[in-house]
Amino acid sequence: MIIQPRTARRFHEILLRTTIGATTSFLTSTDIGSTTNRFSQDLELIDDELPSSLELTVNAALSCVVEGFLVFVGSSYVTAAVIPVCVLVIYYVAKFYVQTSRQMRLLDIEAKAPLFSQFLEALNGLSSIRAYGWTEDYHRRNQIALDASQRPSYLLYCIQRWIGLVLDLIVACIAVIVIAVAISMKGSPSMNLLGIALFNIVNFSGTLQTLVTYWIGLETSIGAVSRIRSYVLQATTEDLHSETDVVPEDWPQHGGIDIASLSASYDVSSEPVLMGIDLKIRPGEKIALCGRTGSGKSSLVSAILRILELNSGTILIDGIDISKVSRAHVRSRINTIPQQPFFLHGTSIYGLIFNSKEG
């Protein structure tokens, strides 16, 4: 009860820190549905299914061992000789099923990413969709994405029915052998043990299916940990080792900005979106940037906030080069009103004092 919440909270903190600290190019190139999957389904598997799957898998494995022991040992040495054959058959069947089922469960999780992406994109552009009369078209797209997301679930259900049939046939073969031994041992003093074997063989098939089902759930939950690890390793952090300068507590005190020969891009390897920018803003001076769409107004503000990568040139704020200061410090000292409002949950006062020392 203590380890489980701490583990889930730790994974959520790792994901959140990685996403917040990732570069703009990584966030824009990664599908939003995949990122949503990491925070929703993968964290749900780790938080909810992983502990229970581990416990149930251990219990099912112990039950399977005990029932198998009673079935084979209680039906004389003749049936016990079949143990290696049954173990090999069950092993290869389970191995084939586990590999296939594991991939189908991964497809089931990833198939929901396009559905999440389309839903979030439609939600953000809902006013435009209604204004241009695209409701029916997006409704049709959503139905297509929903159908595609359910296909792996149907195939997974078919695979589960297959493993149930195969295990039932295996147990049926064992039951035939036990019955044949029972007939040949008629009047033998060891018939009591044979009765125990016949009684346990009834539940043996269900125990095998339960073990395989819980084992797949355990592997799927562990796969969620692997996907989160891959996401964290693939994410490129925006913080650089050179950004270690310490700024005064009252910085920026005056607010003077000096931009010289600035060239910036969304990624170091991509083409610059700003080239040769020279701008000087004196303390207390009010400046309005005017230009057509795509001329670089928002990109310039993003460069000041260190959202863009500075390829060349310098940006000085009160004489301090912000390329050598931690990006978190730069953004915490600059107030920005975005084009799209972002409201924090809570009262208006909480939103105003959210980042203040008095709050």
# chains A, B, ... in the order shown; residues from 1 in each chain; ligands from 1

$ select_by_dssp --residues "stretch 222-357 of chain A" --states "alpha helix (DSSP H)" --output "number ranges by chain"
A: 222-234, 297-304, 327-333, 348-352

$ select_by_dssp --residues "stretch 138-298 of chain A" --states "strand (DSSP E)" --output "list in words"
Ile257, Asp258, Ile259, Ala260, Ser261, Leu262, Ser263, Ala264, Ser265, Leu274, Met275, Gly276, Ile277, Asp278, Leu279, Lys280 and Ile281 of chain A

$ write_last_selection --atoms "N, CA, C and O atoms" --output "mmCIF file, in the first residue's frame"
data_model
loop_
_atom_site.group_PDB
_atom_site.id
_atom_site.type_symbol
_atom_site.label_atom_id
_atom_site.label_comp_id
_atom_site.auth_asym_id
_atom_site.auth_seq_id
_atom_site.Cartn_x
_atom_site.Cartn_y
_atom_site.Cartn_z
ATOM 1 N N ILE A 257 16.869 45.302 -23.330
ATOM 2 C CA ILE A 257 17.124 44.137 -24.169
ATOM 3 C C ILE A 257 17.980 44.562 -25.354
ATOM 4 O O ILE A 257 17.650 45.520 -26.051
ATOM 5 N N ASP A 258 19.066 43.824 -25.570
ATOM 6 C CA ASP A 258 19.973 44.121 -26.681
ATOM 7 C C ASP A 258 20.186 42.833 -27.474
ATOM 8 O O ASP A 258 20.796 41.873 -26.981
ATOM 9 N N ILE A 259 19.670 42.793 -28.698
ATOM 10 C CA ILE A 259 19.785 41.623 -29.575
ATOM 11 C C ILE A 259 20.735 41.976 -30.708
ATOM 12 O O ILE A 259 20.552 42.991 -31.394
ATOM 13 N N ALA A 260 21.758 41.142 -30.900
ATOM 14 C CA ALA A 260 22.777 41.429 -31.904
ATOM 15 C C ALA A 260 23.026 40.199 -32.773
ATOM 16 O O ALA A 260 23.371 39.130 -32.252
ATOM 17 N N SER A 261 22.828 40.353 -34.109
ATOM 18 C CA SER A 261 23.131 39.309 -35.106
ATOM 19 C C SER A 261 22.522 37.967 -34.727
ATOM 20 O O SER A 261 23.178 36.925 -34.798
ATOM 21 N N LEU A 262 21.271 38.003 -34.337
ATOM 22 C CA LEU A 262 20.613 36.800 -33.837
ATOM 23 C C LEU A 262 20.189 35.887 -34.984
ATOM 24 O O LEU A 262 19.583 36.323 -35.964
ATOM 25 N N SER A 263 20.493 34.605 -34.834
ATOM 26 C CA SER A 263 20.019 33.556 -35.733
ATOM 27 C C SER A 263 19.522 32.408 -34.857
ATOM 28 O O SER A 263 20.269 31.904 -34.030
ATOM 29 N N ALA A 264 18.248 32.016 -35.037
ATOM 30 C CA ALA A 264 17.640 31.011 -34.166
ATOM 31 C C ALA A 264 16.802 30.050 -34.996
ATOM 32 O O ALA A 264 16.321 30.383 -36.077
ATOM 33 N N SER A 265 16.635 28.845 -34.456
ATOM 34 C CA SER A 265 15.842 27.808 -35.117
ATOM 35 C C SER A 265 15.183 26.951 -34.054
ATOM 36 O O SER A 265 15.537 27.002 -32.875
ATOM 37 N N LEU A 274 14.875 32.669 -37.750
ATOM 38 C CA LEU A 274 15.285 34.059 -37.561
ATOM 39 C C LEU A 274 16.739 34.177 -38.007
ATOM 40 O O LEU A 274 17.578 33.362 -37.613
ATOM 41 N N MET A 275 17.016 35.206 -38.789
ATOM 42 C CA MET A 275 18.382 35.393 -39.293
ATOM 43 C C MET A 275 18.739 36.877 -39.271
ATOM 44 O O MET A 275 17.965 37.722 -39.742
ATOM 45 N N GLY A 276 19.904 37.166 -38.690
ATOM 46 C CA GLY A 276 20.432 38.521 -38.708
ATOM 47 C C GLY A 276 19.562 39.548 -38.018
ATOM 48 O O GLY A 276 19.384 40.659 -38.530
ATOM 49 N N ILE A 277 19.014 39.232 -36.864
ATOM 50 C CA ILE A 277 18.131 40.148 -36.139
ATOM 51 C C ILE A 277 18.977 41.028 -35.230
ATOM 52 O O ILE A 277 19.775 40.538 -34.422
ATOM 53 N N ASP A 278 18.793 42.329 -35.384
ATOM 54 C CA ASP A 278 19.433 43.316 -34.505
ATOM 55 C C ASP A 278 18.341 44.215 -33.941
ATOM 56 O O ASP A 278 17.580 44.835 -34.696
ATOM 57 N N LEU A 279 18.276 44.292 -32.611
ATOM 58 C CA LEU A 279 17.217 45.072 -31.966
ATOM 59 C C LEU A 279 17.710 45.517 -30.593
ATOM 60 O O LEU A 279 18.339 44.747 -29.867
ATOM 61 N N LYS A 280 17.417 46.773 -30.286
ATOM 62 C CA LYS A 280 17.785 47.300 -28.972
ATOM 63 C C LYS A 280 16.567 47.976 -28.360
ATOM 64 O O LYS A 280 15.990 48.892 -28.956
ATOM 65 N N ILE A 281 16.182 47.502 -27.192
ATOM 66 C CA ILE A 281 15.033 48.049 -26.471
ATOM 67 C C ILE A 281 15.550 48.634 -25.170
ATOM 68 O O ILE A 281 16.131 47.930 -24.338
#

$ closest_residue --among "A:Leu62, A:Ala180, A:Leu120, A:Arg105" --to "A:Leu155" --atoms "only C-alpha atoms"
A:Arg105

$ atom_distance --atom1 "atom CA of A:Ser34" --atom2 "atom CA of A:Ile20"
15.5 Å

$ residues_around --residues "A:Leu107" --least-positions-apart "5" --cutoff "10 Å" --atoms "only C-alpha atoms" --output "PyMOL selection string"
chain A and resi 101-102+112+149+151-153+156

$ write_last_selection --atoms "N, CA, C and O atoms" --output "compact mmCIF listing (two decimals), in the first residue's frame"
# COMPACT_ATOMS: atom_id res chain seq x y z
N SER A 101 0.30 -12.52 -28.20
CA SER A 101 -0.57 -11.69 -27.37
C SER A 101 0.13 -10.41 -26.93
O SER A 101 -0.48 -9.34 -26.86
N ARG A 102 1.44 -10.51 -26.64
CA ARG A 102 2.19 -9.31 -26.24
C ARG A 102 2.17 -8.26 -27.35
O ARG A 102 1.93 -7.07 -27.10
N LYS A 112 -4.73 3.35 -30.26
CA LYS A 112 -5.58 4.41 -29.70
C LYS A 112 -4.94 5.78 -29.82
O LYS A 112 -5.60 6.79 -29.58
N SER A 149 -9.09 1.60 -33.95
CA SER A 149 -8.54 1.39 -32.61
C SER A 149 -9.08 0.13 -31.95
O SER A 149 -8.46 -0.38 -31.00
N ARG A 151 -9.76 -2.79 -33.61
CA ARG A 151 -9.37 -4.02 -34.31
C ARG A 151 -8.40 -4.87 -33.50
O ARG A 151 -8.58 -6.09 -33.40
N PRO A 152 -7.36 -4.31 -32.90
CA PRO A 152 -6.47 -5.17 -32.09
C PRO A 152 -7.20 -5.82 -30.91
O PRO A 152 -6.86 -6.95 -30.54
N SER A 153 -8.19 -5.12 -30.34
CA SER A 153 -8.93 -5.71 -29.21
C SER A 153 -9.70 -6.94 -29.66
O SER A 153 -9.75 -7.96 -28.94
N LEU A 156 -7.23 -9.73 -30.27
CA LEU A 156 -6.75 -10.23 -28.98
C LEU A 156 -7.79 -11.15 -28.33
O LEU A 156 -7.44 -12.16 -27.73
